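Colleague: I'd like to ask you about the structure that follows.
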There are 2 protein chains.
Amino acid sequence: MPKNAFYAQSGGVTAVINASACGVIETARRYPDKIGKVYAGRNGIIGALLEELIDTSMESDATIAALRHTPSGAFGSCRYKLKGLEQSKAEYDRLMEVFRAHDIGYFFYNGGGDSADTCHKVSQLSERMNFPIQAIHVPKTVDNDLPITDNCPGFGSVAKYIAVSTREASFDVASMAKTSTKIFVVEVMGRHAGWIAAAGGLASSPDTEIPIVILFPEVPFDEARFLALVQEKVAAYGYCTVVVSEGVRNAEGKFLAEAGGKDAFGHAQLGGVGPVIASLIKERLGHKYHWAVADYLQRAARHLASRSDVEQAYAVGKAAVEFAVAGHNAVMPSVVRLSDAPYRWEVGMAPLSEVANVEKKMPSEFITPDGFGITEACRRYLQPLILGEDYPPYENGMPLYVRLANVAVPKKLPVFHMK
Amino acid sequence: MPKNAFYAQSGGVTAVINASACGVIETARRYPDKIGKVYAGRNGIIGALLEELIDTSMESDATIAALRHTPSGAFGSCRYKLKGLEQSKAEYDRLMEVFRAHDIGYFFYNGGGDSADTCHKVSQLSERMNFPIQAIHVPKTVDNDLPITDNCPGFGSVAKYIAVSTREASFDVASMAKTSTKIFVVEVMGRHAGWIAAAGGLASSPDTEIPIVILFPEVPFDEARFLALVQEKVAAYGYCTVVVSEGVRNAEGKFLAEAGGKDAFGHAQLGGVGPVIASLIKERLGHKYHWAVADYLQRAARHLASRSDVEQAYAVGKAAVEFAVAGHNAVMPSVVRLSDAPYRWEVGMAPLSEVANVEKKMPSEFITPDGFGITEACRRYLQPLILGEDYPPYENGMPLYVRLANVAVPKKLPVFHMK
């Protein structure tokens with residue numbers, strides 16, 4: 001009897017993490033002699049700890065195929081990080097108990113940096129605890145901050161969404177600038193790394209020039225230089241668009257979003273950094289503004305997914321299963337770029353020991369010397385990641401996103417109490 | 001020699017106002033014996049007052065065709081309302097002077113309620129001042145608040161964007177709800193009328209149920225009942241999505257967005273009502289939240305336009321020219337609904353005297369008795385307006401939106417000083 005597989009989604013979900021799930025499940029179904037059933041964790045690793053497993057074999061091929069165009073995490077995700085084997089022995093013991101009870105020999109964990117760390121620890125069960133498990137990490141993060149892989153599935157679609165939305169809103173403000181709004185500020189995700197903010201720079205291209213000022217978390221906020229640049233853009237173009245990363249900080253390292261005042265309940269400023277920047281411009285330069293905070297809209301926007309991104313998300317899911325079937329453990333499929341234009345890539349294999357707990361920030365050569373824009377090198381890097389469209393099917397004007405039955409696997413073990 | 005035409009865009013722009021421009025210009029080009037050139041006002045009616053006219057005959061057919069898929073106002077818009085003929089005699093005199101100098105006999109004004117009023121006043125020049133002009137209003141407003149017409153071009157695309165985005169973000173929060181975010185709040189446009197907020201209700205459908213609470217500007221905010229409903233949804237579904245109109249007010253008629261505290265500069269709360277509502281839920285119910293403010297992203301989102309909306313925007317532009325050619329004055333093409341399902345509509349003709357200065361709010365039978373949702377009648381009304389997709393062409397992963405040369409018509413008159 002072939003071993004069963006466990007698959008779980010972890011951390012913030014994306015527009016394409018279900019495409020990776022689709023890649024894992026469809027590929028596992030092609031190896032019935034090697035892999036039994038794919039059990040998904042309900043709400044990530046918590047599903048394994050609580051023995052809340054979902055039997056994906058109860059879903060039809062058509063339903064699993066529809067995961068490819070469905071955003072969010074179909075099995076539920078979680079924010080939960082396992083500590084080391086020594087500190088959290090009870091949890092690892094429980095995982096092994098659950099894996100043993102359900103004959104699980106493959107562990108596929110679909111997430112970002114923290115999840116890679118968890119996956120790495122699970123992979124060590126085989127060596128350190130002599131427990132037969134192969135753990136493969138499936139990369140996913142809109143933050144694009146995993147090392148080794150050229151880019152992270154999930155990022156390309158957010159990048160495309162921010163690039164397109166910024167272009168569209170910039171066209172809008174350009175229309176209004178004569179008598180009304182001259183400044184448009186859009187706040188984007190990226191607490192530590194400015195990859196998503198950088199994608200806003202793609203809104204402007206040689207054939208469609210747009211005055212854009214980008215605020216990166218990597219660059220301490222310099223108010224005077226920022227305002228001078230905005231004013232320069234308004235003078236030259238009549239308007240200016242500002243793309244601000246939620247993680248931008250002042251010279252003292254404090255988040256700008258927290259540098260504001262108090263809300264109605266006496267809490268620190270509710271608004272993100274977007275309204276803070278917009279208000280600053282109004283205060284100092286007098287321009288009328290509008291601001292938007294994209295938040296979940298950006299990472300859930302499957303309707304505008306990048307085809308590159310969808311293909312890679314599927315490919316890393318598929319490769320994870322192929323790696324497992326080939327006997328690998330403690331690895332992660334990565335995206336290897338072969339050329340920028342035409343864009344060519346292939347799937348590589350990265351050792352998890354080199355992935356876990358390493359955060360890839362924007363290289364300094366991707367940010368213009370003034371700190372407010374992206375360089376040509378950055379553009380060459382980002383451009384392929386937003387290539388192509390991959391529209392979901394629609395019915396009655398709405399995208400047809402699938403919801404799974406998520407049938408529970410009968411429990412075999414006593415209740416486990418999480419700390 | 002046939003008379004020339006003047007066309008201008010007014011007020012907040014939309015994803016499809018350029019499709020109306022396309023309809024006007026392409027149709028005018030089919031009547032060379034009746035209409036000479038189409039001159040566009042640079043930045044709306046201001047372009048007429050300042051004699052800043054754009055010669056659209058300098059644009060190729062292909063360029064004009066591309067307006068159909070380009071968001072924003074290609075000629076620039078303005079927020080400027082003409083007063084009555086008596087109060088603003090100098091301005092009307094100037095308009096007639098400019099029209100006379102450039103042999104303009106047709107006036108096409110593309111805007112919402114205020115613009116309909118301006119257009120109506122211009123139409124009266126023929127009767128009251130014996131000036132030979134035919135003024136036709138081309139309806140446009142994301143607010144969907146014009147009377148007589150079944151719906152307003154521009155609204156359907158925003159409705160689709162909000163419905164789709166709300167569905168996508170709801171899928172996201174559903175994935176995260178077990179250990180993290182349980183509440184997602186999205187703030188949408190609509191200062192006076194809740195049409196756009198209502199569209200958020202379409203995110204939930206019989207085959208894809210989503211717990212959504214809507215806050216309409218038509219319904220005074222009842223904090224206790226709102227919080228009880230949110231709590232009920234979280235208990236039943238594990239999460240809840242809130243769609244809040246920017247215009248929601250408390251029982252005293254004060255905007256909730258302004259009921260907050262002070263920002264870093266001592267101003268009233270910068271954030272919109274979205275973060276206020278999110279924070280209230282956190283404060284009273286303790287749930288983790290995320291919030292988004294769509295702002296210009298929603299009305300500029302041509303990438304997700306409704307095909308119904310694009311077709312109607314084009315059709316009203318086309319009909320405006322046909323009305324003019326047929327000798328009409330002081331009218332507006334309207335959308336007449338013939339049936340809900342299958343959706344059938346035709347263009348009608350509304351007298352401007354009945355359009356100007358009338359604001360259509362949500363009828364009470366479109367809002368559920370509890371004040372937090374949409375009724376089946378509302379759903380039947382909204383559903384056809386988001387039907388169909390109409391994607392722009394893409395190149396290198398970005399939509400190909402056109403920018404016009406906007407060649408100026410040589411001025412013939414002395415400078416006019418606007419007040």
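How things are named: the first chain in the structure tokens is A, the next is B, and so on; residues count from 1 in each chain; ligands count from 1 in the order shown.
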Residues of chain A no more than 7 Å from chain B, counting only C-alpha atoms: send them over as a PyMOL selection string.
Modeller: chain A and resi 13+43+71-74+76-79+164-165+168-169+171-172+175-176+178-180+260-264+269-271+275+291-297+300-301+386-388+396-398
Colleague: Least-squares superpose chain B onto chain A - every C-alpha atom, paired in order - and show me the moved coordinates as a compact mmCIF listing (two decimals) with C-alpha atoms, in the first residue's frame.
Modeller:
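Done, and the output landed in part-v2.txt:
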# COMPACT_ATOMS: atom_id res chain seq x y z
CA MET B 1 -0.03 0.00 -0.01
CA PRO B 2 1.43 3.37 -0.97
CA LYS B 3 1.72 5.98 1.74
CA ASN B 4 -0.78 8.82 1.94
CA ALA B 5 0.24 12.45 1.60
CA PHE B 6 -0.47 15.43 3.81
CA TYR B 7 -0.87 18.87 2.20
CA ALA B 8 -1.51 22.13 4.01
CA GLN B 9 -1.65 25.85 3.29
CA SER B 10 0.05 28.25 5.62
CA GLY B 11 0.21 31.98 6.33
CA GLY B 12 -1.45 34.67 4.26
CA VAL B 13 -3.21 33.19 1.27
CA THR B 14 -2.83 34.39 -2.32
CA ALA B 15 -4.65 34.48 -5.63
CA VAL B 16 -2.78 31.37 -6.77
CA ILE B 17 -2.02 29.19 -3.73
CA ASN B 18 -4.92 26.98 -4.78
CA ALA B 19 -3.21 26.55 -8.16
CA SER B 20 -0.35 24.95 -6.20
CA ALA B 21 -2.85 22.76 -4.37
CA CYS B 22 -4.23 21.80 -7.77
CA GLY B 23 -0.71 20.92 -8.94
CA VAL B 24 -0.07 18.79 -5.86
CA ILE B 25 -3.36 16.89 -5.97
CA GLU B 26 -3.54 16.37 -9.74
CA THR B 27 0.03 15.12 -9.83
CA ALA B 28 -0.43 12.85 -6.83
CA ARG B 29 -3.41 11.32 -8.61
CA ARG B 30 -1.05 10.35 -11.44
CA TYR B 31 1.08 8.24 -9.11
CA PRO B 32 -1.42 5.84 -7.53
CA ASP B 33 1.32 3.26 -7.06
CA LYS B 34 3.42 5.71 -5.04
CA ILE B 35 0.90 7.96 -3.28
CA GLY B 36 -2.36 6.88 -1.72
CA LYS B 37 -4.72 9.66 -0.76
CA VAL B 38 -3.93 13.31 -0.34
CA TYR B 39 -5.17 14.50 3.03
CA ALA B 40 -5.34 18.25 3.43
CA GLY B 41 -4.93 19.93 6.77
CA ARG B 42 -7.99 21.92 7.77
CA ASN B 43 -6.55 25.34 8.52
CA GLY B 44 -2.96 24.43 7.84
CA ILE B 45 -0.74 22.61 10.26
CA ILE B 46 -3.42 22.97 12.92
CA GLY B 47 -5.38 20.42 10.96
CA ALA B 48 -2.57 17.93 11.48
CA LEU B 49 -2.24 18.67 15.18
CA LEU B 50 -6.00 18.41 15.77
CA GLU B 51 -6.31 15.45 13.41
CA GLU B 52 -8.68 17.53 11.32
CA LEU B 53 -7.86 16.05 7.96
CA ILE B 54 -9.75 16.57 4.73
CA ASP B 55 -10.07 13.72 2.26
CA THR B 56 -9.34 15.32 -1.11
CA SER B 57 -10.09 12.03 -2.87
CA MET B 58 -13.76 12.88 -2.33
CA GLU B 59 -13.42 15.78 -4.77
CA SER B 60 -13.94 15.18 -8.48
CA ASP B 61 -11.20 15.86 -11.01
CA ALA B 62 -13.24 18.82 -12.28
CA THR B 63 -13.47 20.33 -8.83
CA ILE B 64 -9.75 19.95 -8.23
CA ALA B 65 -9.07 21.46 -11.67
CA ALA B 66 -11.18 24.48 -10.69
CA LEU B 67 -8.80 25.17 -7.80
CA ARG B 68 -6.41 26.45 -10.43
CA HIS B 69 -8.55 29.52 -10.99
CA THR B 70 -9.85 29.99 -7.43
CA PRO B 71 -8.15 32.48 -5.08
CA SER B 72 -7.69 31.99 -1.29
CA GLY B 73 -6.87 28.80 0.56
CA ALA B 74 -9.45 26.13 -0.18
CA PHE B 75 -8.61 24.11 2.93
CA GLY B 76 -8.11 27.05 5.26
CA SER B 77 -4.78 28.45 6.34
CA CYS B 78 -3.31 29.41 9.69
CA ARG B 79 -0.76 31.63 11.29
CA TYR B 80 1.03 29.15 13.52
CA LYS B 81 4.73 28.46 13.69
CA LEU B 82 6.15 25.29 15.18
CA LYS B 83 9.10 25.84 17.44
CA GLY B 84 12.15 23.59 17.38
CA LEU B 85 12.00 19.86 18.06
CA GLU B 86 13.34 20.40 21.56
CA GLN B 87 10.96 23.20 22.62
CA SER B 88 7.84 21.66 21.12
CA LYS B 89 8.36 17.96 21.56
CA ALA B 90 4.68 17.35 22.32
CA GLU B 91 3.66 18.87 19.02
CA TYR B 92 6.11 16.86 16.97
CA ASP B 93 5.11 13.72 18.83
CA ARG B 94 1.52 14.49 17.97
CA LEU B 95 2.34 15.08 14.31
CA MET B 96 4.07 11.71 14.12
CA GLU B 97 1.16 10.10 15.89
CA VAL B 98 -1.30 11.57 13.37
CA PHE B 99 0.91 10.72 10.40
CA ARG B 100 1.28 7.18 11.69
CA ALA B 101 -2.45 6.77 12.35
CA HIS B 102 -3.27 7.89 8.81
CA ASP B 103 -0.33 6.25 7.12
CA ILE B 104 1.11 9.54 5.92
CA GLY B 105 4.56 9.38 4.39
CA TYR B 106 4.63 12.67 2.47
CA PHE B 107 4.35 16.15 3.91
CA PHE B 108 3.71 19.05 1.50
CA TYR B 109 3.66 22.45 3.13
CA ASN B 110 2.59 25.45 1.05
CA GLY B 111 3.76 28.72 2.51
CA GLY B 112 6.40 31.40 2.98
CA GLY B 113 9.49 31.74 5.13
CA ASP B 114 8.00 30.69 8.46
CA SER B 115 6.35 27.72 6.84
CA ALA B 116 9.60 26.69 5.17
CA ASP B 117 11.07 26.61 8.64
CA THR B 118 8.23 24.41 9.90
CA CYS B 119 8.58 22.15 6.88
CA HIS B 120 12.31 21.91 7.47
CA LYS B 121 11.71 20.81 11.05
CA VAL B 122 9.22 18.19 9.94
CA SER B 123 11.75 16.95 7.40
CA GLN B 124 14.20 16.38 10.24
CA LEU B 125 11.83 13.91 11.87
CA SER B 126 13.07 11.33 9.43
CA GLU B 127 16.70 11.76 10.33
CA ARG B 128 16.50 12.74 13.99
CA MET B 129 13.51 10.68 15.08
CA ASN B 130 13.81 7.93 12.50
CA PHE B 131 10.26 8.65 11.44
CA PRO B 132 9.59 7.80 7.77
CA ILE B 133 8.45 11.13 6.26
CA GLN B 134 9.46 13.13 3.22
CA ALA B 135 8.80 16.83 3.67
CA ILE B 136 8.68 19.11 0.63
CA HIS B 137 8.02 22.80 0.86
CA VAL B 138 5.84 24.44 -1.79
CA PRO B 139 6.77 28.12 -2.01
CA LYS B 140 4.09 30.78 -1.73
CA THR B 141 4.21 34.38 -0.63
CA VAL B 142 3.05 37.69 -2.02
CA ASP B 143 6.01 39.23 -0.21
CA ASN B 144 8.44 37.61 -2.69
CA ASP B 145 10.99 37.32 0.08
CA LEU B 146 12.07 33.67 -0.10
CA PRO B 147 15.73 33.10 -0.98
CA ILE B 148 17.14 30.97 -3.82
CA THR B 149 13.95 30.90 -5.90
CA ASP B 150 13.97 33.66 -8.51
CA ASN B 151 10.51 34.71 -7.38
CA CYS B 152 7.69 33.39 -5.23
CA PRO B 153 4.35 32.14 -6.56
CA GLY B 154 1.69 34.61 -5.43
CA PHE B 155 3.85 37.65 -5.97
CA GLY B 156 3.45 37.97 -9.74
CA SER B 157 -0.33 38.30 -9.50
CA VAL B 158 -0.18 40.95 -6.79
CA ALA B 159 2.47 42.74 -8.84
CA LYS B 160 0.20 42.69 -11.87
CA TYR B 161 -2.77 43.90 -9.85
CA ILE B 162 -0.81 46.79 -8.36
CA ALA B 163 0.81 47.72 -11.69
CA VAL B 164 -2.51 47.69 -13.55
CA SER B 165 -4.51 49.39 -10.79
CA THR B 166 -1.87 52.09 -10.39
CA ARG B 167 -1.92 52.75 -14.12
CA GLU B 168 -5.72 52.93 -14.14
CA ALA B 169 -5.98 55.22 -11.13
CA SER B 170 -3.21 57.41 -12.56
CA PHE B 171 -5.18 57.85 -15.76
CA ASP B 172 -8.12 58.84 -13.58
CA VAL B 173 -6.25 61.46 -11.56
CA ALA B 174 -4.66 62.84 -14.72
CA SER B 175 -8.20 63.50 -15.99
CA MET B 176 -9.22 65.27 -12.79
CA ALA B 177 -6.04 67.21 -12.08
CA LYS B 178 -6.95 70.49 -13.75
CA THR B 179 -9.63 71.48 -11.26
CA SER B 180 -9.65 68.75 -8.63
CA THR B 181 -7.52 65.83 -7.43
CA LYS B 182 -3.81 66.13 -8.24
CA ILE B 183 -2.41 63.47 -5.94
CA PHE B 184 -3.30 59.81 -5.76
CA VAL B 185 -1.79 57.66 -3.03
CA VAL B 186 -2.11 53.90 -3.04
CA GLU B 187 -0.95 51.88 -0.07
CA VAL B 188 0.30 48.38 -0.84
CA MET B 189 1.41 45.37 1.17
CA GLY B 190 5.00 44.64 2.14
CA ARG B 191 5.91 45.12 5.77
CA HIS B 192 9.62 44.39 5.33
CA ALA B 193 10.37 44.17 1.63
CA GLY B 194 9.36 46.60 -1.09
CA TRP B 195 8.72 44.12 -3.90
CA ILE B 196 5.03 44.94 -4.22
CA ALA B 197 5.65 48.69 -4.04
CA ALA B 198 8.24 48.25 -6.77
CA ALA B 199 5.57 46.66 -8.96
CA GLY B 200 3.70 49.96 -8.80
CA GLY B 201 6.58 51.33 -10.85
CA LEU B 202 5.54 49.10 -13.75
CA ALA B 203 2.43 51.25 -14.14
CA SER B 204 4.70 53.64 -15.97
CA SER B 205 6.40 52.38 -19.13
CA PRO B 206 8.20 54.07 -22.03
CA ASP B 207 5.00 54.16 -24.10
CA THR B 208 2.82 55.20 -21.16
CA GLU B 209 4.79 57.50 -18.91
CA ILE B 210 3.27 58.23 -15.52
CA PRO B 211 4.78 60.35 -12.71
CA ILE B 212 5.14 57.87 -9.85
CA VAL B 213 6.93 58.25 -6.54
CA ILE B 214 7.50 55.03 -4.61
CA LEU B 215 8.09 54.75 -0.88
CA PHE B 216 9.95 51.55 -0.02
CA PRO B 217 10.35 49.98 3.42
CA GLU B 218 14.04 49.63 2.56
CA VAL B 219 14.46 53.42 2.37
CA PRO B 220 14.00 55.57 5.49
CA PHE B 221 11.38 58.23 4.80
CA ASP B 222 12.91 61.61 4.01
CA GLU B 223 10.02 64.03 4.16
CA ALA B 224 11.71 67.06 2.61
CA ARG B 225 13.10 65.19 -0.37
CA PHE B 226 9.84 63.33 -0.85
CA LEU B 227 7.77 66.50 -0.90
CA ALA B 228 10.21 68.20 -3.25
CA LEU B 229 9.95 65.30 -5.69
CA VAL B 230 6.15 65.23 -5.56
CA GLN B 231 6.06 68.96 -6.20
CA GLU B 232 8.44 68.54 -9.11
CA LYS B 233 6.20 65.86 -10.66
CA VAL B 234 3.08 67.99 -10.21
CA ALA B 235 4.83 70.93 -11.86
CA ALA B 236 5.91 68.79 -14.79
CA TYR B 237 2.85 66.57 -15.28
CA GLY B 238 0.03 68.32 -13.46
CA TYR B 239 -0.43 65.37 -11.12
CA CYS B 240 1.48 62.69 -9.21
CA THR B 241 0.87 59.14 -8.07
CA VAL B 242 2.45 57.83 -4.88
CA VAL B 243 2.82 54.10 -4.22
CA VAL B 244 3.57 53.58 -0.55
CA SER B 245 4.50 50.33 1.11
CA GLU B 246 2.69 49.68 4.39
CA GLY B 247 6.09 49.07 5.95
CA VAL B 248 7.71 52.44 5.27
CA ARG B 249 9.49 53.86 8.30
CA ASN B 250 10.98 57.15 9.34
CA ALA B 251 14.67 57.70 10.08
CA GLU B 252 14.11 56.47 13.65
CA GLY B 253 12.81 53.17 12.32
CA LYS B 254 9.23 53.84 13.38
CA PHE B 255 6.40 52.85 11.02
CA LEU B 256 4.92 55.99 9.48
CA ALA B 257 1.51 54.41 9.82
CA GLU B 258 1.95 54.53 13.57
CA ALA B 259 3.32 58.06 13.69
CA GLY B 260 -0.19 59.49 13.46
CA GLY B 261 -2.67 60.54 16.09
CA LYS B 262 -5.46 58.87 17.98
CA ASP B 263 -8.70 57.53 16.66
CA ALA B 264 -12.19 57.92 18.08
CA PHE B 265 -11.45 55.25 20.65
CA GLY B 266 -8.14 56.71 21.74
CA HIS B 267 -6.13 54.13 19.84
CA ALA B 268 -3.20 54.90 17.63
CA GLN B 269 -4.22 56.11 14.19
CA LEU B 270 -6.32 53.48 12.51
CA GLY B 271 -5.51 54.35 8.96
CA GLY B 272 -2.54 52.93 7.25
CA VAL B 273 0.33 54.97 5.95
CA GLY B 274 -1.62 55.88 2.77
CA PRO B 275 -3.79 58.53 4.38
CA VAL B 276 -0.83 59.78 6.43
CA ILE B 277 1.16 60.47 3.26
CA ALA B 278 -1.86 61.98 1.48
CA SER B 279 -2.52 64.32 4.35
CA LEU B 280 1.11 65.33 4.57
CA ILE B 281 1.07 66.37 0.91
CA LYS B 282 -2.12 68.35 1.40
CA GLU B 283 -0.71 70.03 4.49
CA ARG B 284 2.63 71.01 2.96
CA LEU B 285 1.88 71.39 -0.74
CA GLY B 286 -1.82 72.14 -0.71
CA HIS B 287 -2.85 69.63 -3.38
CA LYS B 288 -6.18 67.88 -3.33
CA TYR B 289 -5.73 64.13 -2.91
CA HIS B 290 -7.39 60.77 -3.04
CA TRP B 291 -6.01 57.63 -1.44
CA ALA B 292 -6.71 53.92 -1.58
CA VAL B 293 -5.65 51.01 0.58
CA ALA B 294 -5.69 47.82 -1.46
CA ASP B 295 -5.18 45.38 1.43
CA TYR B 296 -6.72 41.94 0.78
CA LEU B 297 -8.09 43.11 -2.58
CA GLN B 298 -4.57 42.91 -4.00
CA ARG B 299 -3.67 39.43 -2.87
CA ALA B 300 -7.11 37.93 -3.59
CA ALA B 301 -7.48 39.42 -7.08
CA ARG B 302 -7.60 36.20 -9.04
CA HIS B 303 -9.61 38.03 -11.70
CA LEU B 304 -6.37 39.77 -12.75
CA ALA B 305 -3.86 37.00 -12.07
CA SER B 306 -0.59 36.85 -13.97
CA ARG B 307 -0.43 33.83 -16.23
CA SER B 308 3.26 33.39 -15.42
CA ASP B 309 2.34 33.30 -11.78
CA VAL B 310 -0.48 30.78 -12.19
CA GLU B 311 1.73 28.51 -14.24
CA GLN B 312 4.55 28.68 -11.72
CA ALA B 313 2.22 28.13 -8.78
CA TYR B 314 0.92 25.00 -10.47
CA ALA B 315 4.41 23.91 -11.49
CA VAL B 316 5.86 24.06 -7.98
CA GLY B 317 2.96 22.02 -6.66
CA LYS B 318 3.50 19.46 -9.40
CA ALA B 319 7.25 19.39 -8.88
CA ALA B 320 6.86 18.95 -5.13
CA VAL B 321 5.04 15.66 -5.73
CA GLU B 322 7.55 14.58 -8.35
CA PHE B 323 10.40 15.30 -5.95
CA ALA B 324 8.68 13.23 -3.29
CA VAL B 325 8.05 10.37 -5.65
CA ALA B 326 11.72 10.50 -6.62
CA GLY B 327 12.64 10.05 -2.99
CA HIS B 328 13.66 13.57 -1.98
CA ASN B 329 13.23 15.10 1.45
CA ALA B 330 13.83 18.58 2.88
CA VAL B 331 13.72 20.36 -0.45
CA MET B 332 11.65 23.07 -2.14
CA PRO B 333 10.89 23.47 -5.83
CA SER B 334 12.22 26.84 -6.91
CA VAL B 335 11.74 29.01 -9.97
CA VAL B 336 14.93 29.30 -11.98
CA ARG B 337 15.05 32.11 -14.52
CA LEU B 338 16.73 31.20 -17.78
CA SER B 339 16.17 34.46 -19.65
CA ASP B 340 14.34 37.76 -19.19
CA ALA B 341 13.09 38.36 -22.73
CA PRO B 342 11.75 36.14 -24.01
CA TYR B 343 10.95 34.99 -20.51
CA ARG B 344 12.03 31.41 -19.92
CA TRP B 345 12.12 29.57 -16.63
CA GLU B 346 12.31 26.09 -15.22
CA VAL B 347 11.77 24.44 -11.87
CA GLY B 348 14.85 23.85 -9.74
CA MET B 349 15.39 22.19 -6.40
CA ALA B 350 16.49 24.12 -3.31
CA PRO B 351 17.59 22.55 -0.01
CA LEU B 352 15.26 23.63 2.78
CA SER B 353 18.20 24.23 5.08
CA GLU B 354 19.12 27.18 2.88
CA VAL B 355 15.58 28.50 2.56
CA ALA B 356 14.30 28.55 6.13
CA ASN B 357 14.67 31.82 8.02
CA VAL B 358 16.32 33.78 5.22
CA GLU B 359 14.50 36.92 4.04
CA LYS B 360 15.24 38.32 0.60
CA LYS B 361 14.89 42.09 0.44
CA MET B 362 15.03 44.32 -2.63
CA PRO B 363 18.65 44.57 -3.78
CA SER B 364 19.89 48.14 -3.67
CA GLU B 365 20.54 48.14 -7.41
CA PHE B 366 16.78 47.77 -7.95
CA ILE B 367 16.06 51.13 -6.32
CA THR B 368 17.01 54.38 -8.05
CA PRO B 369 19.74 56.43 -6.34
CA ASP B 370 17.15 58.97 -5.11
CA GLY B 371 15.33 56.14 -3.31
CA PHE B 372 11.94 56.83 -4.91
CA GLY B 373 11.85 54.69 -8.03
CA ILE B 374 12.80 51.43 -9.70
CA THR B 375 15.81 50.91 -11.94
CA GLU B 376 15.93 49.27 -15.33
CA ALA B 377 17.40 46.17 -13.67
CA CYS B 378 14.36 46.01 -11.41
CA ARG B 379 12.06 46.45 -14.39
CA ARG B 380 13.80 43.60 -16.22
CA TYR B 381 13.32 41.44 -13.15
CA LEU B 382 9.66 42.31 -12.55
CA GLN B 383 8.38 42.48 -16.11
CA PRO B 384 8.20 38.73 -16.85
CA LEU B 385 6.40 38.04 -13.58
CA ILE B 386 3.26 39.91 -14.67
CA LEU B 387 3.20 38.46 -18.17
CA GLY B 388 0.01 37.03 -19.53
CA GLU B 389 -3.57 36.92 -18.35
CA ASP B 390 -5.36 33.89 -16.94
CA TYR B 391 -9.01 34.77 -16.48
CA PRO B 392 -11.32 32.61 -14.39
CA PRO B 393 -14.58 31.48 -15.98
CA TYR B 394 -17.58 33.74 -15.30
CA GLU B 395 -21.28 33.08 -14.88
CA ASN B 396 -23.87 35.81 -14.50
CA GLY B 397 -21.10 38.36 -14.46
CA MET B 398 -19.31 36.78 -11.52
CA PRO B 399 -16.20 34.59 -11.46
CA LEU B 400 -16.93 30.93 -10.78
CA TYR B 401 -14.72 30.20 -7.82
CA VAL B 402 -14.98 26.70 -6.44
CA ARG B 403 -15.68 25.66 -2.88
CA LEU B 404 -14.75 22.15 -1.88
CA ALA B 405 -16.88 19.77 0.11
CA ASN B 406 -13.91 19.36 2.47
CA VAL B 407 -15.08 15.99 3.77
CA ALA B 408 -13.44 15.10 7.07
CA VAL B 409 -11.31 12.00 7.42
CA PRO B 410 -12.68 10.04 10.42
CA LYS B 411 -10.55 10.64 13.48
CA LYS B 412 -8.68 7.76 15.05
CA LEU B 413 -6.91 9.42 17.94
CA PRO B 414 -7.75 11.04 21.25
CA VAL B 415 -8.27 14.79 21.30
CA PHE B 416 -5.09 16.87 21.33
CA HIS B 417 -5.08 20.11 23.28
CA MET B 418 -3.08 22.83 21.64
CA LYS B 419 -1.27 25.27 23.84
Colleague: Please, which residues of range 324-360 of chain A, numbered as in this document, come out strand (DSSP E) from DSSP, as a PyMOL selection string?
Modeller: chain A and resi 331-339+344-351
Colleague: Just the selected residues (C-alpha atoms), exported as a PDB file, in the first residue's frame, please.
Modeller:
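Written file, selection-v5.pdb:
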ATOM      1  CA  VAL A 331      13.709  20.394  -0.437  1.00  0.00           C
ATOM      2  CA  MET A 332      11.642  23.085  -2.128  1.00  0.00           C
ATOM      3  CA  PRO A 333      10.886  23.475  -5.826  1.00  0.00           C
ATOM      4  CA  SER A 334      12.214  26.862  -6.917  1.00  0.00           C
ATOM      5  CA  VAL A 335      11.730  29.015  -9.961  1.00  0.00           C
ATOM      6  CA  VAL A 336      14.930  29.304 -11.983  1.00  0.00           C
ATOM      7  CA  ARG A 337      15.038  32.108 -14.526  1.00  0.00           C
ATOM      8  CA  LEU A 338      16.717  31.192 -17.790  1.00  0.00           C
ATOM      9  CA  SER A 339      16.158  34.462 -19.639  1.00  0.00           C
ATOM     10  CA  ARG A 344      12.024  31.425 -19.921  1.00  0.00           C
ATOM     11  CA  TRP A 345      12.121  29.584 -16.641  1.00  0.00           C
ATOM     12  CA  GLU A 346      12.295  26.092 -15.215  1.00  0.00           C
ATOM     13  CA  VAL A 347      11.757  24.469 -11.854  1.00  0.00           C
ATOM     14  CA  GLY A 348      14.843  23.881  -9.748  1.00  0.00           C
ATOM     15  CA  MET A 349      15.388  22.217  -6.390  1.00  0.00           C
ATOM     16  CA  ALA A 350      16.486  24.149  -3.304  1.00  0.00           C
ATOM     17  CA  PRO A 351      17.579  22.563  -0.021  1.00  0.00           C
TER      18      PRO A 351
END
Colleague: Identify, with DSSP run on backbone atoms, the residues in range 152-329 of chain B assigned to helix (DSSP H, G or I), and express the list as a count of residues only.
Modeller: 89
